[in-house]
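input-v5.pdb (PDB, C-alpha atoms, pLDDT in the B column) appears below.
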ATOM      1  CA  MET A  29     153.072-172.878 -86.575  1.00 86.00           C
ATOM      2  CA  THR A  30     153.083-176.653 -86.131  1.00 89.00           C
ATOM      3  CA  PRO A  31     152.949-178.311 -82.696  1.00 89.00           C
ATOM      4  CA  GLU A  32     156.562-179.418 -83.200  1.00 91.00           C
ATOM      5  CA  GLU A  33     157.657-175.833 -83.898  1.00 91.00           C
ATOM      6  CA  ILE A  34     155.787-174.607 -80.828  1.00 90.00           C
ATOM      7  CA  ILE A  35     157.414-177.255 -78.614  1.00 90.00           C
ATOM      8  CA  ASP A  36     160.840-176.505 -80.091  1.00 92.00           C
ATOM      9  CA  ARG A  37     160.463-172.772 -79.479  1.00 93.00           C
ATOM     10  CA  VAL A  38     159.301-173.306 -75.895  1.00 91.00           C
ATOM     11  CA  ALA A  39     161.975-175.915 -75.160  1.00 91.00           C
ATOM     12  CA  HIS A  40     164.814-173.686 -76.331  1.00 94.00           C
ATOM     13  CA  SER A  41     163.667-170.382 -74.823  1.00 94.00           C
ATOM     14  CA  GLN A  42     165.754-169.196 -71.882  1.00 93.00           C
ATOM     15  CA  GLU A  43     163.531-166.206 -71.046  1.00 93.00           C
ATOM     16  CA  LEU A  44     162.487-166.098 -67.392  1.00 91.00           C
ATOM     17  CA  ILE A  45     158.801-166.096 -66.488  1.00 89.00           C
ATOM     18  CA  GLU A  46     157.955-164.364 -63.230  1.00 89.00           C
ATOM     19  CA  PHE A  47     155.465-166.287 -61.114  1.00 85.00           C
ATOM     20  CA  ALA A  48     153.688-164.958 -58.040  1.00 90.00           C
ATOM     21  CA  THR A  49     150.837-166.484 -56.088  1.00 91.00           C
ATOM     22  CA  THR A  50     149.419-166.860 -52.606  1.00 92.00           C
ATOM     23  CA  PRO A  51     150.360-169.697 -50.249  1.00 93.00           C
ATOM     24  CA  ALA A  52     146.892-171.239 -50.657  1.00 91.00           C
ATOM     25  CA  ARG A  53     147.108-171.238 -54.452  1.00 92.00           C
ATOM     26  CA  ALA A  54     150.671-172.591 -54.342  1.00 94.00           C
ATOM     27  CA  PHE A  55     149.421-175.396 -52.100  1.00 92.00           C
ATOM     28  CA  MET A  56     146.647-176.215 -54.595  1.00 91.00           C
ATOM     29  CA  LEU A  57     149.210-176.232 -57.411  1.00 94.00           C
ATOM     30  CA  ILE A  58     151.407-178.606 -55.403  1.00 95.00           C
ATOM     31  CA  ALA A  59     148.474-180.964 -54.799  1.00 92.00           C
ATOM     32  CA  ASN A  60     147.651-181.093 -58.505  1.00 91.00           C
ATOM     33  CA  LEU A  61     151.288-181.604 -59.491  1.00 95.00           C
ATOM     34  CA  GLN A  62     151.597-184.431 -56.985  1.00 94.00           C
ATOM     35  CA  LEU A  63     148.493-186.035 -58.441  1.00 91.00           C
ATOM     36  CA  ALA A  64     150.077-185.896 -61.909  1.00 92.00           C
ATOM     37  CA  LEU A  65     153.281-187.403 -60.521  1.00 93.00           C
ATOM     38  CA  ARG A  66     151.322-190.457 -59.350  1.00 90.00           C
ATOM     39  CA  HIS A  67     150.694-191.524 -62.945  1.00 89.00           C
ATOM     40  CA  PRO A  68     152.825-194.636 -63.531  1.00 87.00           C
ATOM     41  CA  ASP A  69     154.114-193.368 -66.899  1.00 89.00           C
ATOM     42  CA  ASN A  70     155.125-189.964 -65.541  1.00 89.00           C
ATOM     43  CA  HIS A  71     158.860-190.323 -64.981  1.00 90.00           C
ATOM     44  CA  GLY A  72     162.167-188.933 -66.171  1.00 90.00           C
ATOM     45  CA  PRO A  73     163.986-185.618 -65.912  1.00 91.00           C
ATOM     46  CA  SER A  74     160.819-183.508 -66.041  1.00 91.00           C
ATOM     47  CA  THR A  75     159.372-185.286 -63.000  1.00 94.00           C
ATOM     48  CA  GLU A  76     162.545-184.597 -61.027  1.00 94.00           C
ATOM     49  CA  PHE A  77     162.280-180.939 -62.029  1.00 93.00           C
ATOM     50  CA  VAL A  78     158.656-180.878 -60.806  1.00 95.00           C
ATOM     51  CA  ARG A  79     159.610-182.571 -57.512  1.00 95.00           C
ATOM     52  CA  ASP A  80     162.278-179.899 -56.975  1.00 95.00           C
ATOM     53  CA  MET A  81     159.729-177.194 -57.812  1.00 95.00           C
ATOM     54  CA  ILE A  82     157.312-178.676 -55.274  1.00 96.00           C
ATOM     55  CA  ALA A  83     160.015-178.724 -52.589  1.00 96.00           C
ATOM     56  CA  ASN A  84     160.865-175.079 -53.318  1.00 95.00           C
ATOM     57  CA  LEU A  85     157.202-174.057 -53.216  1.00 95.00           C
ATOM     58  CA  ALA A  86     156.680-175.934 -49.945  1.00 96.00           C
ATOM     59  CA  THR A  87     159.671-174.155 -48.421  1.00 96.00           C
ATOM     60  CA  ALA A  88     158.359-170.808 -49.662  1.00 95.00           C
ATOM     61  CA  ILE A  89     154.911-171.503 -48.168  1.00 95.00           C
ATOM     62  CA  ALA A  90     156.489-172.577 -44.863  1.00 96.00           C
ATOM     63  CA  THR A  91     158.606-169.426 -44.774  1.00 96.00           C
ATOM     64  CA  VAL A  92     155.849-166.980 -45.708  1.00 95.00           C
ATOM     65  CA  THR A  93     153.323-168.489 -43.283  1.00 95.00           C
ATOM     66  CA  ASP A  94     155.868-169.311 -40.550  1.00 96.00           C
ATOM     67  CA  THR A  95     154.520-172.871 -40.622  1.00 95.00           C
ATOM     68  CA  LEU A  96     157.380-175.336 -41.053  1.00 95.00           C
ATOM     69  CA  GLU A  97     154.935-178.236 -40.640  1.00 95.00           C
ATOM     70  CA  VAL A  98     153.660-177.560 -44.156  1.00 95.00           C
ATOM     71  CA  ILE A  99     156.819-179.241 -45.518  1.00 95.00           C
ATOM     72  CA  THR A 100     155.824-182.518 -43.818  1.00 94.00           C
ATOM     73  CA  LEU A 101     152.239-182.143 -45.003  1.00 93.00           C
ATOM     74  CA  VAL A 102     153.410-181.630 -48.592  1.00 95.00           C
ATOM     75  CA  ALA A 103     155.668-184.694 -48.349  1.00 94.00           C
ATOM     76  CA  GLN A 104     152.591-186.751 -47.415  1.00 93.00           C
ATOM     77  CA  GLY A 105     151.012-185.745 -50.722  1.00 92.00           C
ATOM     78  CA  TYR A 106     153.175-188.300 -52.523  1.00 91.00           C
ATOM     79  CA  HIS A 107     151.593-191.151 -50.554  1.00 89.00           C
ATOM     80  CA  PRO A 108     147.972-192.238 -51.199  1.00 87.00           C
ATOM     81  CA  GLU A 109     147.565-193.495 -47.618  1.00 88.00           C
ATOM     82  CA  PHE A 110     147.381-189.835 -46.534  1.00 88.00           C
ATOM     83  CA  ASP A 111     144.597-188.942 -48.998  1.00 86.00           C
ATOM     84  CA  LEU A 112     141.347-187.702 -47.502  1.00 82.00           C
ATOM     85  CA  THR A 113     138.260-189.800 -48.094  1.00 84.00           C
ATOM     86  CA  ASP A 114     135.241-187.977 -49.524  1.00 80.00           C
ATOM     87  CA  GLU A 115     133.695-188.019 -46.056  1.00 84.00           C
ATOM     88  CA  GLU A 116     136.812-186.507 -44.453  1.00 84.00           C
ATOM     89  CA  ALA A 117     137.008-183.852 -47.154  1.00 79.00           C
ATOM     90  CA  ASP A 118     133.319-183.000 -46.684  1.00 82.00           C
ATOM     91  CA  GLU A 119     133.867-182.711 -42.947  1.00 83.00           C
ATOM     92  CA  TYR A 120     136.852-180.424 -43.422  1.00 77.00           C
ATOM     93  CA  PHE A 121     135.757-178.372 -46.462  1.00 74.00           C
ATOM     94  CA  GLY A 122     131.977-178.745 -46.195  1.00 76.00           C
ATOM     95  CA  GLN A 123     129.644-180.551 -48.568  1.00 73.00           C
ATOM     96  CA  ARG A 124     130.769-180.206 -52.163  1.00 66.00           C
ATOM     97  CA  PRO A 125     128.659-180.873 -55.231  1.00 66.00           C
ATOM     98  CA  ARG A 126     129.680-184.029 -57.061  1.00 62.00           C
ATOM     99  CA  PRO A 127     129.025-184.721 -60.711  1.00 58.00           C
ATOM    100  CA  GLU A 128     126.444-187.335 -61.524  1.00 59.00           C
ATOM    101  CA  ARG A 129     128.770-188.714 -64.163  1.00 55.00           C
ATOM    102  CA  SER A 130     132.212-188.008 -65.484  1.00 57.00           C
ATOM    103  CA  LEU A 131     133.271-187.048 -68.972  1.00 56.00           C
ATOM    104  CA  ASN A 132     136.543-188.212 -70.478  1.00 59.00           C
ATOM    105  CA  LEU A 133     137.586-186.603 -73.698  1.00 59.00           C
ATOM    106  CA  SER A 134     140.520-186.368 -76.031  1.00 61.00           C
ATOM    107  CA  LEU A 135     141.109-183.497 -78.396  1.00 61.00           C
ATOM    108  CA  ASP A 136     143.177-183.778 -81.547  1.00 62.00           C
ATOM    109  CA  LEU A 137     144.200-180.234 -82.396  1.00 65.00           C
ATOM    110  CA  ALA A 138     144.357-179.426 -86.078  1.00 67.00           C
ATOM    111  CA  GLU A 139     146.978-177.065 -87.417  1.00 70.00           C
ATOM    112  CA  GLY A 140     145.654-173.543 -87.035  1.00 72.00           C
ATOM    113  CA  ALA A 141     143.221-174.465 -84.249  1.00 70.00           C
ATOM    114  CA  ASP A 142     142.025-171.466 -82.272  1.00 72.00           C
ATOM    115  CA  LEU A 143     143.789-172.119 -78.949  1.00 71.00           C
ATOM    116  CA  GLU A 144     142.059-169.227 -77.198  1.00 73.00           C
ATOM    117  CA  ALA A 145     138.647-170.573 -78.188  1.00 72.00           C
ATOM    118  CA  ILE A 146     139.687-174.040 -77.001  1.00 70.00           C
ATOM    119  CA  GLY A 147     140.762-172.597 -73.649  1.00 70.00           C
ATOM    120  CA  GLN A 148     137.454-170.785 -73.310  1.00 70.00           C
ATOM    121  CA  ALA A 149     135.566-173.968 -74.196  1.00 68.00           C
ATOM    122  CA  LEU A 150     137.448-175.993 -71.596  1.00 67.00           C
ATOM    123  CA  ALA A 151     136.994-173.286 -68.959  1.00 67.00           C
ATOM    124  CA  MET A 152     133.276-173.318 -69.692  1.00 64.00           C
ATOM    125  CA  LEU A 153     133.181-177.096 -69.313  1.00 61.00           C
ATOM    126  CA  MET A 154     134.776-176.884 -65.868  1.00 61.00           C
ATOM    127  CA  GLN A 155     132.250-174.374 -64.553  1.00 62.00           C
ATOM    128  CA  GLN A 156     129.577-175.681 -62.245  1.00 57.00           C
ATOM    129  CA  THR A 157     126.087-174.725 -63.288  1.00 58.00           C
ATOM    130  CA  PRO A 158     122.525-175.482 -62.247  1.00 58.00           C
ATOM    131  CA  ASP A 159     121.745-176.275 -65.912  1.00 64.00           C
ATOM    132  CA  PRO A 160     124.373-178.777 -67.109  1.00 61.00           C
ATOM    133  CA  GLN A 161     122.511-179.484 -70.373  1.00 67.00           C
ATOM    134  CA  ALA A 162     122.638-175.813 -71.414  1.00 69.00           C
ATOM    135  CA  THR A 163     126.298-175.600 -70.428  1.00 66.00           C
ATOM    136  CA  PHE A 164     127.042-178.751 -72.436  1.00 68.00           C
ATOM    137  CA  GLN A 165     125.385-177.213 -75.513  1.00 74.00           C
ATOM    138  CA  GLN A 166     127.355-173.987 -75.027  1.00 73.00           C
ATOM    139  CA  TRP A 167     130.517-176.068 -74.695  1.00 69.00           C
ATOM    140  CA  GLN A 168     129.781-177.915 -77.949  1.00 72.00           C
ATOM    141  CA  ASP A 169     129.164-174.568 -79.661  1.00 75.00           C
ATOM    142  CA  ALA A 170     132.477-173.249 -78.307  1.00 71.00           C
ATOM    143  CA  LEU A 171     134.320-176.322 -79.588  1.00 69.00           C
ATOM    144  CA  ALA A 172     132.724-175.884 -83.004  1.00 72.00           C
ATOM    145  CA  LYS A 173     133.942-172.274 -83.030  1.00 72.00           C
ATOM    146  CA  ALA A 174     137.422-173.574 -82.178  1.00 67.00           C
ATOM    147  CA  LYS A 175     137.166-175.911 -85.198  1.00 65.00           C
ATOM    148  CA  ILE A 176     137.578-179.097 -83.193  1.00 63.00           C
ATOM    149  CA  GLU A 177     135.191-181.940 -82.632  1.00 61.00           C
ATOM    150  CA  PRO A 178     134.901-183.862 -79.394  1.00 56.00           C
ATOM    151  CA  ILE A 179     135.160-187.632 -79.612  1.00 57.00           C
ATOM    152  CA  PHE A 180     132.943-189.278 -77.061  1.00 56.00           C
ATOM    153  CA  PRO A 181     133.604-192.879 -76.043  1.00 51.00           C
ATOM    154  CA  ALA A 182     130.808-195.283 -76.874  1.00 46.00           C
TER     155      ALA A 182
END

Target encoding structure tokens, full file:
Amino acid sequence: MTPEEIIDRVAHSQELIEFATTPARAFMLIANLQLALRHPDNHGPSTEFVRDMIANLATAIATVTDTLEVITLVAQGYHPEFDLTDEEADEYFGQRPRPERSLNLSLDLAEGADLEAIGQALAMLMQQTPDPQATFQQWQDALAKAKIEPIFPA
């Protein structure tokens, strides 16, 4: 199936997908969605849908936890001036390991690419490990199994 056929099938399906999560996980999802909404090229009907979804999730969290203030806190997530600095986050959440360097990558998926293997490769990449070099080699092996090649910027 081509990417266009996949997108067409997904776009035209009216089947409902049940979604259940905890308030904490819903809050993390909201934070990540809000981060995506900050991208200057992320606009249009889908962004309005996501904003409505965020408002509904915030209301659900407020209701389940009996904490109406969460709605105000979520609204602040659209505004960078409310972001925590690294120091504030460390104070609140405790010291967190930080990568020594970042990795940006793009993947061009060939027709027939093994999506499950790609998912496993990306999950492996996101894991924290005391031996990043070994994990990187395992990740490259997983990508090779998925029949895709990473393109690293020079």

Next on the checklist: Set the distance at 10 Å and use all atoms listed in the file: which residues neighbour Leu57 of chain A once local chain neighbours fewer than 6 positions away are removed? I'd like the list as a VMD selection string.
Outcome noted: chain A and resid 49 51 63 82 85

Write out, as a short mmCIF file (atom, residue, chain, number, x, y, z; two decimals), keeping the file's coordinate frame, the residues just selected, with C-alpha atoms.
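Now in out-v1.cif:
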data_model
loop_
_atom_site.label_atom_id
_atom_site.label_comp_id
_atom_site.auth_asym_id
_atom_site.auth_seq_id
_atom_site.Cartn_x
_atom_site.Cartn_y
_atom_site.Cartn_z
CA THR A 49 150.84 -166.48 -56.09
CA PRO A 51 150.36 -169.70 -50.25
CA LEU A 63 148.49 -186.04 -58.44
CA ILE A 82 157.31 -178.68 -55.27
CA LEU A 85 157.20 -174.06 -53.22
#

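Between atom CA of Met56 of chain A and atom CA of Val92 of chain A the interatomic distance comes to 15.8 Å.
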
I'd like the box whose edges run along x, y and z of the file and which contains every listed atom of segment 87-104 of chain A, padded by 3 Å per side; could you state its centre and edge lengths in Å, one decimal, as AutoDock Vina command-line options?
--center_x 156.0 --center_y -176.9 --center_z -45.1 --size_x 13.4 --size_y 25.8 --size_z 15.1

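Rounded to one decimal, atom CA of Gln104 of chain A and atom CA of Ala48 of chain A lie 24.3 Å from each other.
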
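Our summary of the geometry notes that atom CA of Gln62 of chain A is positioned 6.1 Å from atom CA of Tyr106 of chain A.
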
Item to check | Residues within 9 Å of segment 86-89 of chain A, all atoms listed in the file, excluding chain neighbours under 3 positions, as a PyMOL selection string | outcome: chain A and resi 50-52+54-55+58+81-83+92-96+98-99+102-103

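With distances taken over all atoms listed in the file, A:Met29 is the one residue among A:Asp36, A:Pro68, A:Asp169, A:Met29 lying closest to Ala141 of chain A.
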
Because some atoms of segment 88-110 of chain A are absent here, can you restore N, CA and C atoms and send them as an mmCIF file, in the frame of the given file?
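The result, stored in part-v6.cif:
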data_model
loop_
_atom_site.group_PDB
_atom_site.id
_atom_site.type_symbol
_atom_site.label_atom_id
_atom_site.label_comp_id
_atom_site.auth_asym_id
_atom_site.auth_seq_id
_atom_site.Cartn_x
_atom_site.Cartn_y
_atom_site.Cartn_z
ATOM 1 N N ALA A 88 158.835 -172.200 -49.581
ATOM 2 C CA ALA A 88 158.359 -170.808 -49.662
ATOM 3 C C ALA A 88 157.078 -170.630 -48.844
ATOM 4 N N ILE A 89 156.157 -171.580 -48.955
ATOM 5 C CA ILE A 89 154.911 -171.503 -48.168
ATOM 6 C C ILE A 89 155.234 -171.539 -46.684
ATOM 7 N N ALA A 90 156.107 -172.453 -46.276
ATOM 8 C CA ALA A 90 156.489 -172.577 -44.863
ATOM 9 C C ALA A 90 157.108 -171.288 -44.350
ATOM 10 N N THR A 91 157.934 -170.664 -45.179
ATOM 11 C CA THR A 91 158.606 -169.426 -44.774
ATOM 12 C C THR A 91 157.622 -168.271 -44.660
ATOM 13 N N VAL A 92 156.795 -168.105 -45.681
ATOM 14 C CA VAL A 92 155.849 -166.980 -45.708
ATOM 15 C C VAL A 92 154.814 -167.087 -44.592
ATOM 16 N N THR A 93 154.367 -168.307 -44.300
ATOM 17 C CA THR A 93 153.323 -168.489 -43.283
ATOM 18 C C THR A 93 153.877 -168.811 -41.905
ATOM 19 N N ASP A 94 155.212 -168.926 -41.803
ATOM 20 C CA ASP A 94 155.868 -169.311 -40.550
ATOM 21 C C ASP A 94 155.268 -170.612 -40.019
ATOM 22 N N THR A 95 155.110 -171.579 -40.943
ATOM 23 C CA THR A 95 154.520 -172.871 -40.622
ATOM 24 C C THR A 95 155.392 -173.963 -41.225
ATOM 25 N N LEU A 96 156.457 -174.335 -40.519
ATOM 26 C CA LEU A 96 157.380 -175.336 -41.053
ATOM 27 C C LEU A 96 156.713 -176.690 -41.253
ATOM 28 N N GLU A 97 155.636 -176.958 -40.524
ATOM 29 C CA GLU A 97 154.935 -178.236 -40.640
ATOM 30 C C GLU A 97 154.373 -178.471 -42.046
ATOM 31 N N VAL A 98 154.208 -177.406 -42.802
ATOM 32 C CA VAL A 98 153.660 -177.560 -44.156
ATOM 33 C C VAL A 98 154.575 -178.424 -45.020
ATOM 34 N N ILE A 99 155.871 -178.422 -44.748
ATOM 35 C CA ILE A 99 156.819 -179.241 -45.518
ATOM 36 C C ILE A 99 156.505 -180.732 -45.316
ATOM 37 N N THR A 100 156.198 -181.130 -44.096
ATOM 38 C CA THR A 100 155.824 -182.518 -43.818
ATOM 39 C C THR A 100 154.493 -182.852 -44.477
ATOM 40 N N LEU A 101 153.551 -181.928 -44.392
ATOM 41 C CA LEU A 101 152.239 -182.143 -45.003
ATOM 42 C C LEU A 101 152.367 -182.321 -46.513
ATOM 43 N N VAL A 102 153.191 -181.510 -47.142
ATOM 44 C CA VAL A 102 153.410 -181.630 -48.592
ATOM 45 C C VAL A 102 154.064 -182.969 -48.916
ATOM 46 N N ALA A 103 155.012 -183.400 -48.118
ATOM 47 C CA ALA A 103 155.668 -184.694 -48.349
ATOM 48 C C ALA A 103 154.654 -185.840 -48.308
ATOM 49 N N GLN A 104 153.615 -185.716 -47.486
ATOM 50 C CA GLN A 104 152.591 -186.751 -47.415
ATOM 51 C C GLN A 104 151.781 -186.839 -48.707
ATOM 52 N N GLY A 105 151.775 -185.771 -49.475
ATOM 53 C CA GLY A 105 151.012 -185.745 -50.722
ATOM 54 C C GLY A 105 151.495 -186.722 -51.777
ATOM 55 N N TYR A 106 152.673 -187.289 -51.592
ATOM 56 C CA TYR A 106 153.175 -188.300 -52.523
ATOM 57 C C TYR A 106 152.661 -189.693 -52.185
ATOM 58 N N HIS A 107 151.984 -189.840 -51.053
ATOM 59 C CA HIS A 107 151.593 -191.151 -50.554
ATOM 60 C C HIS A 107 150.068 -191.250 -50.427
ATOM 61 N N PRO A 108 149.435 -192.125 -51.206
ATOM 62 C CA PRO A 108 147.972 -192.238 -51.199
ATOM 63 C C PRO A 108 147.371 -192.532 -49.824
ATOM 64 N N GLU A 109 148.142 -193.169 -48.936
ATOM 65 C CA GLU A 109 147.565 -193.495 -47.618
ATOM 66 C C GLU A 109 147.215 -192.241 -46.813
ATOM 67 N N PHE A 110 147.706 -191.080 -47.228
ATOM 68 C CA PHE A 110 147.381 -189.835 -46.534
ATOM 69 C C PHE A 110 146.231 -189.075 -47.205
#
